[in-house]
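Shown next: model-v4.pdb, containing PDB, C-alpha atoms.
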```
ATOM      1  CA  HIS A   1      64.383   8.857  13.124
ATOM      2  CA  GLN A   2      64.607   7.582  16.687
ATOM      3  CA  LEU A   3      64.282  11.122  18.053
ATOM      4  CA  LEU A   4      61.214  11.707  15.901
ATOM      5  CA  LEU A   5      59.643   8.481  17.141
ATOM      6  CA  LYS A   6      60.082   9.708  20.716
ATOM      7  CA  LEU A   7      58.620  13.090  19.780
ATOM      8  CA  GLN A   8      55.681  11.365  18.092
ATOM      9  CA  GLN A   9      54.934   9.436  21.291
ATOM     10  CA  ARG A  10      55.140  12.590  23.419
ATOM     11  CA  ILE A  11      52.780  14.467  21.105
ATOM     12  CA  LEU A  12      50.284  11.604  20.963
ATOM     13  CA  ALA A  13      50.386  11.236  24.747
ATOM     14  CA  GLN A  14      49.354  14.866  25.130
ATOM     15  CA  TRP A  15      46.859  15.134  22.242
ATOM     16  CA  PRO A  16      45.727  11.572  21.403
ATOM     17  CA  GLN A  17      42.407  12.506  19.771
ATOM     18  CA  GLN A  18      43.189  15.901  18.273
ATOM     19  CA  LEU A  19      46.110  15.088  15.990
ATOM     20  CA  HIS A  20      47.096  12.706  13.209
ATOM     21  CA  LEU A  21      50.804  11.970  12.938
ATOM     22  CA  THR A  22      52.570  10.115  10.166
ATOM     23  CA  PHE A  23      55.948   9.849   8.515
ATOM     24  CA  SER A  24      56.336  10.855   4.877
ATOM     25  CA  ASP A  25      59.999   9.902   5.215
ATOM     26  CA  PRO A  26      62.023   8.609   8.170
ATOM     27  CA  HIS A  27      63.210  12.196   8.719
ATOM     28  CA  TYR A  28      59.842  13.962   8.260
ATOM     29  CA  LEU A  29      57.172  13.664  10.925
ATOM     30  CA  GLU A  30      53.919  15.191   9.707
ATOM     31  CA  VAL A  31      51.547  16.608  12.331
ATOM     32  CA  MET A  32      48.007  17.364  11.192
ATOM     33  CA  PRO A  33      44.552  17.738  12.674
ATOM     34  CA  ALA A  34      42.773  14.459  13.384
ATOM     35  CA  LEU A  35      41.007  12.959  10.371
ATOM     36  CA  CYS A  36      43.394  14.747   8.028
ATOM     37  CA  SER A  37      45.088  12.350   5.624
ATOM     38  CA  LYS A  38      45.340  11.566   1.952
ATOM     39  CA  GLY A  39      42.827   8.796   2.567
ATOM     40  CA  GLN A  40      40.325  11.254   4.032
ATOM     41  CA  ALA A  41      40.861  13.554   1.058
ATOM     42  CA  LEU A  42      40.239  10.674  -1.358
ATOM     43  CA  GLN A  43      37.048   9.703   0.471
ATOM     44  CA  PHE A  44      35.837  13.299   0.222
ATOM     45  CA  LEU A  45      36.534  13.355  -3.535
ATOM     46  CA  GLN A  46      34.855   9.994  -3.991
ATOM     47  CA  GLN A  47      31.692  11.270  -2.313
ATOM     48  CA  GLN A  48      31.731  14.423  -4.455
ATOM     49  CA  ARG A  49      32.514  12.695  -7.769
ATOM     50  CA  GLN A  50      30.888   9.292  -7.146
ATOM     51  CA  PHE A  51      33.639   7.092  -8.589
ATOM     52  CA  CYS A  52      34.420   3.507  -7.658
ATOM     53  CA  LEU A  53      37.372   3.214  -5.275
ATOM     54  CA  ARG A  54      37.845  -0.443  -6.280
ATOM     55  CA  ARG A  55      38.706   0.798  -9.774
ATOM     56  CA  ALA A  56      40.990   3.599  -8.558
ATOM     57  CA  ILE A  57      44.784   3.549  -8.619
ATOM     58  CA  ALA A  58      47.057   5.328  -6.144
ATOM     59  CA  PHE A  59      50.812   5.642  -5.852
ATOM     60  CA  GLY A  60      52.765   5.909  -2.643
ATOM     61  CA  ASP A  61      56.212   5.816  -1.136
ATOM     62  CA  GLY A  62      55.820   6.874   2.508
ATOM     63  CA  MET A  63      53.689   6.032   5.494
ATOM     64  CA  ASN A  64      51.679   9.192   4.828
ATOM     65  CA  ASP A  65      50.262   7.273   1.841
ATOM     66  CA  ALA A  66      49.052   4.222   3.817
ATOM     67  CA  GLU A  67      45.425   5.350   4.255
ATOM     68  CA  LEU A  68      45.225   6.323   0.589
ATOM     69  CA  LEU A  69      46.626   3.008  -0.657
ATOM     70  CA  ALA A  70      44.313   1.014   1.623
ATOM     71  CA  LEU A  71      41.240   2.555  -0.017
ATOM     72  CA  VAL A  72      41.952   1.884  -3.683
ATOM     73  CA  GLY A  73      41.638  -1.282  -5.686
ATOM     74  CA  PHE A  74      45.062  -0.812  -7.293
ATOM     75  CA  PRO A  75      47.727   0.359  -4.863
ATOM     76  CA  VAL A  76      51.140   0.932  -6.431
ATOM     77  CA  LEU A  77      54.352   1.356  -4.470
ATOM     78  CA  MET A  78      57.180   3.401  -5.822
ATOM     79  CA  HIS A  79      60.599   1.722  -6.024
ATOM     80  CA  ASN A  80      61.752   4.052  -3.231
ATOM     81  CA  ALA A  81      58.822   3.130  -0.934
ATOM     82  CA  SER A  82      59.656   2.806   2.735
ATOM     83  CA  HIS A  83      60.181  -0.665   4.141
ATOM     84  CA  SER A  84      57.211  -0.167   6.496
ATOM     85  CA  LEU A  85      54.907   0.642   3.585
ATOM     86  CA  GLN A  86      56.168  -2.376   1.630
ATOM     87  CA  GLN A  87      55.323  -4.579   4.613
ATOM     88  CA  LEU A  88      51.801  -3.155   4.766
ATOM     89  CA  PHE A  89      51.189  -3.714   1.048
ATOM     90  CA  PRO A  90      53.230  -6.754  -0.012
ATOM     91  CA  GLN A  91      50.922  -7.529  -2.961
ATOM     92  CA  ALA A  92      50.939  -3.987  -4.371
ATOM     93  CA  ALA A  93      52.254  -3.387  -7.857
ATOM     94  CA  ARG A  94      55.644  -1.699  -8.129
ATOM     95  CA  ALA A  95      56.574   1.401 -10.098
ATOM     96  CA  PRO A  96      60.035   2.784 -10.863
ATOM     97  CA  HIS A  97      61.672   5.291  -8.485
ATOM     98  CA  HIS A  98      59.969   8.662  -8.210
ATOM     99  CA  ASP A  99      63.179  10.390  -9.316
ATOM    100  CA  GLU A 100      62.923   8.475 -12.600
ATOM    101  CA  ASP A 101      59.365   9.553 -13.539
ATOM    102  CA  GLY A 102      58.104   6.320 -12.000
ATOM    103  CA  VAL A 103      54.400   7.194 -12.082
ATOM    104  CA  ALA A 104      54.479   8.157 -15.765
ATOM    105  CA  LYS A 105      56.533   5.098 -16.711
ATOM    106  CA  PHE A 106      54.190   2.787 -14.807
ATOM    107  CA  LEU A 107      51.082   4.262 -16.435
ATOM    108  CA  ILE A 108      52.631   3.958 -19.908
ATOM    109  CA  GLN A 109      53.857   0.376 -19.262
ATOM    110  CA  GLN A 110      50.356  -0.607 -18.146
ATOM    111  CA  GLY A 111      48.804   0.957 -21.222
ATOM    112  CA  LEU A 112      46.779   3.422 -19.154
ATOM    113  CA  VAL A 113      48.158   6.452 -21.002
ATOM    114  CA  SER A 114      50.106   6.892 -24.206
TER
END
```
Could you rewrite the structure in this file as structure tokens?
Amino acid sequence: HQLLLKLQQRILAQWPQQLHLTFSDPHYLEVMPALCSKGQALQFLQQQRQFCLRRAIAFGDGMNDAELLALVGFPVLMHNASHSLQQLFPQAARAPHHDEDGVAKFLIQQGLVS
């Protein structure tokens, strides 16, 4: 992870405005065009479908989910969520581990699906 952090800094120093970098996992540095994130994708869908983000739910486990979780009214962290993401969203609901069908179990426990 430390090597990737150094690489991230080198990339951002060379292309500070052109790229968006995030970690989906401590060992996976994602490099994308600027303004490319799950949050941007959700905003695009919201504009197309005209739904209320305050009533939306989103699940996340890595820092690549931070923008997405910040936009919705009901952010949910997976049990395996990174420590950094947990610090950003301390009040978020918690779902079981993703390897244990955590999203499905959470939705059923909350009575959102049967």
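Between atom CA of Ser82 of chain A and atom CA of Met63 of chain A lies a distance of 7.3 Å.
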Quiz item: Any idea what's packed within 12 Å of Leu85 of chain A, counting only C-alpha atoms, ignoring anything in its chain fewer than 3 positions away? Could you give it as a ChimeraX atom specification?
Solution: /A:22-26,59-70,75-82,88-92,94
Output C-alpha atoms of each residue in that selection to a file, as a PDB file, keeping the file's coordinate frame.
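Produced file out-v4.pdb, reproduced below:
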```pdb
ATOM      1  CA  THR A  22      52.570  10.115  10.166  1.00  0.00           C
ATOM      2  CA  PHE A  23      55.948   9.849   8.515  1.00  0.00           C
ATOM      3  CA  SER A  24      56.336  10.855   4.877  1.00  0.00           C
ATOM      4  CA  ASP A  25      59.999   9.902   5.215  1.00  0.00           C
ATOM      5  CA  PRO A  26      62.023   8.609   8.170  1.00  0.00           C
ATOM      6  CA  PHE A  59      50.812   5.642  -5.852  1.00  0.00           C
ATOM      7  CA  GLY A  60      52.765   5.909  -2.643  1.00  0.00           C
ATOM      8  CA  ASP A  61      56.212   5.816  -1.136  1.00  0.00           C
ATOM      9  CA  GLY A  62      55.820   6.874   2.508  1.00  0.00           C
ATOM     10  CA  MET A  63      53.689   6.032   5.494  1.00  0.00           C
ATOM     11  CA  ASN A  64      51.679   9.192   4.828  1.00  0.00           C
ATOM     12  CA  ASP A  65      50.262   7.273   1.841  1.00  0.00           C
ATOM     13  CA  ALA A  66      49.052   4.222   3.817  1.00  0.00           C
ATOM     14  CA  GLU A  67      45.425   5.350   4.255  1.00  0.00           C
ATOM     15  CA  LEU A  68      45.225   6.323   0.589  1.00  0.00           C
ATOM     16  CA  LEU A  69      46.626   3.008  -0.657  1.00  0.00           C
ATOM     17  CA  ALA A  70      44.313   1.014   1.623  1.00  0.00           C
ATOM     18  CA  PRO A  75      47.727   0.359  -4.863  1.00  0.00           C
ATOM     19  CA  VAL A  76      51.140   0.932  -6.431  1.00  0.00           C
ATOM     20  CA  LEU A  77      54.352   1.356  -4.470  1.00  0.00           C
ATOM     21  CA  MET A  78      57.180   3.401  -5.822  1.00  0.00           C
ATOM     22  CA  HIS A  79      60.599   1.722  -6.024  1.00  0.00           C
ATOM     23  CA  ASN A  80      61.752   4.052  -3.231  1.00  0.00           C
ATOM     24  CA  ALA A  81      58.822   3.130  -0.934  1.00  0.00           C
ATOM     25  CA  SER A  82      59.656   2.806   2.735  1.00  0.00           C
ATOM     26  CA  LEU A  88      51.801  -3.155   4.766  1.00  0.00           C
ATOM     27  CA  PHE A  89      51.189  -3.714   1.048  1.00  0.00           C
ATOM     28  CA  PRO A  90      53.230  -6.754  -0.012  1.00  0.00           C
ATOM     29  CA  GLN A  91      50.922  -7.529  -2.961  1.00  0.00           C
ATOM     30  CA  ALA A  92      50.939  -3.987  -4.371  1.00  0.00           C
ATOM     31  CA  ARG A  94      55.644  -1.699  -8.129  1.00  0.00           C
TER      32      ARG A  94
END
```
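This file, filtered with the PyMOL selection byres ((chain A and resi 1) around 8), gives the residues Gln2, Leu3, Leu4, Leu5, Pro26 and His27 of chain A.
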Quiz item: atom CA of Lys38 of chain A and atom CA of Gln17 of chain A, how far apart in Å?
Solution: 18.1 Å
Quiz item: Quick one: of A:Pro96, A:Gly73, A:Gly102, A:Pro33, who's nearest to Leu53 of chain A, counting only C-alpha atoms?
Solution: A:Gly73
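One distance worth recording is that between atom CA of Leu29 of chain A and atom CA of Ile11 of chain A, which is 11.1 Å.
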Practice problem: Find the residues around segment 13-15 of chain A up to 12 Å (only C-alpha atoms counted), leave out those fewer than 4 positions away in its own chain, and share them as a PyMOL selection string. | Solution: chain A and resi 6-9+19-21+31-34
Based on the selection just made, write C-alpha atoms of those residues as a PDB file, in the frame of the given file.
```pdb
ATOM      1  CA  LYS A   6      60.082   9.708  20.716  1.00  0.00           C
ATOM      2  CA  LEU A   7      58.620  13.090  19.780  1.00  0.00           C
ATOM      3  CA  GLN A   8      55.681  11.365  18.092  1.00  0.00           C
ATOM      4  CA  GLN A   9      54.934   9.436  21.291  1.00  0.00           C
ATOM      5  CA  LEU A  19      46.110  15.088  15.990  1.00  0.00           C
ATOM      6  CA  HIS A  20      47.096  12.706  13.209  1.00  0.00           C
ATOM      7  CA  LEU A  21      50.804  11.970  12.938  1.00  0.00           C
ATOM      8  CA  VAL A  31      51.547  16.608  12.331  1.00  0.00           C
ATOM      9  CA  MET A  32      48.007  17.364  11.192  1.00  0.00           C
ATOM     10  CA  PRO A  33      44.552  17.738  12.674  1.00  0.00           C
ATOM     11  CA  ALA A  34      42.773  14.459  13.384  1.00  0.00           C
TER      12      ALA A  34
END
```
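Minimum atom-to-atom distances from A:Val103, A:Val72, A:Leu112, A:Ala93 to Ile57 of chain A were compared using all atoms listed in the file, and the lowest value belongs to A:Val72.
With only C-alpha atoms as the atoms that count, the minimum distance from Leu42 of chain A to the choices A:Glu30, A:Leu71, A:Ser114, A:Ala95 is reached by A:Leu71.
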Could you add N, CA and C atoms to segment 20-35 of chain A and give me the result as a PDB file, in the coordinates of the input?
```
ATOM      1  N   HIS A  20      46.714  13.861  14.022  1.00  0.00           N
ATOM      2  CA  HIS A  20      47.096  12.706  13.209  1.00  0.00           C
ATOM      3  C   HIS A  20      48.570  12.895  12.860  1.00  0.00           C
ATOM      4  N   LEU A  21      49.374  11.905  13.214  1.00  0.00           N
ATOM      5  CA  LEU A  21      50.804  11.970  12.938  1.00  0.00           C
ATOM      6  C   LEU A  21      51.209  10.834  12.023  1.00  0.00           C
ATOM      7  N   THR A  22      52.081  11.134  11.089  1.00  0.00           N
ATOM      8  CA  THR A  22      52.570  10.115  10.166  1.00  0.00           C
ATOM      9  C   THR A  22      53.936  10.531   9.644  1.00  0.00           C
ATOM     10  N   PHE A  23      54.642   9.575   9.098  1.00  0.00           N
ATOM     11  CA  PHE A  23      55.948   9.849   8.515  1.00  0.00           C
ATOM     12  C   PHE A  23      55.837   9.801   6.992  1.00  0.00           C
ATOM     13  N   SER A  24      56.250  10.885   6.334  1.00  0.00           N
ATOM     14  CA  SER A  24      56.336  10.855   4.877  1.00  0.00           C
ATOM     15  C   SER A  24      57.706  10.327   4.467  1.00  0.00           C
ATOM     16  N   ASP A  25      58.624  10.332   5.408  1.00  0.00           N
ATOM     17  CA  ASP A  25      59.999   9.902   5.215  1.00  0.00           C
ATOM     18  C   ASP A  25      60.534   9.661   6.627  1.00  0.00           C
ATOM     19  N   PRO A  26      61.523   8.827   6.808  1.00  0.00           N
ATOM     20  CA  PRO A  26      62.023   8.609   8.170  1.00  0.00           C
ATOM     21  C   PRO A  26      62.461   9.892   8.888  1.00  0.00           C
ATOM     22  N   HIS A  27      62.751  10.947   8.125  1.00  0.00           N
ATOM     23  CA  HIS A  27      63.210  12.196   8.719  1.00  0.00           C
ATOM     24  C   HIS A  27      62.157  13.295   8.709  1.00  0.00           C
ATOM     25  N   TYR A  28      60.913  12.979   8.331  1.00  0.00           N
ATOM     26  CA  TYR A  28      59.842  13.962   8.260  1.00  0.00           C
ATOM     27  C   TYR A  28      58.608  13.447   8.981  1.00  0.00           C
ATOM     28  N   LEU A  29      58.377  13.982  10.167  1.00  0.00           N
ATOM     29  CA  LEU A  29      57.172  13.664  10.925  1.00  0.00           C
ATOM     30  C   LEU A  29      56.124  14.710  10.587  1.00  0.00           C
ATOM     31  N   GLU A  30      54.999  14.267  10.063  1.00  0.00           N
ATOM     32  CA  GLU A  30      53.919  15.191   9.707  1.00  0.00           C
ATOM     33  C   GLU A  30      52.907  15.214  10.847  1.00  0.00           C
ATOM     34  N   VAL A  31      52.523  16.411  11.267  1.00  0.00           N
ATOM     35  CA  VAL A  31      51.547  16.608  12.331  1.00  0.00           C
ATOM     36  C   VAL A  31      50.382  17.383  11.746  1.00  0.00           C
ATOM     37  N   MET A  32      49.194  16.765  11.798  1.00  0.00           N
ATOM     38  CA  MET A  32      48.007  17.364  11.192  1.00  0.00           C
ATOM     39  C   MET A  32      46.824  17.228  12.135  1.00  0.00           C
ATOM     40  N   PRO A  33      45.763  17.953  11.879  1.00  0.00           N
ATOM     41  CA  PRO A  33      44.552  17.738  12.674  1.00  0.00           C
ATOM     42  C   PRO A  33      44.053  16.301  12.501  1.00  0.00           C
ATOM     43  N   ALA A  34      43.362  15.795  13.487  1.00  0.00           N
ATOM     44  CA  ALA A  34      42.773  14.459  13.384  1.00  0.00           C
ATOM     45  C   ALA A  34      41.901  14.381  12.130  1.00  0.00           C
ATOM     46  N   LEU A  35      41.794  13.213  11.585  1.00  0.00           N
ATOM     47  CA  LEU A  35      41.007  12.959  10.371  1.00  0.00           C
ATOM     48  C   LEU A  35      41.508  13.742   9.165  1.00  0.00           C
TER      49      LEU A  35
END
```
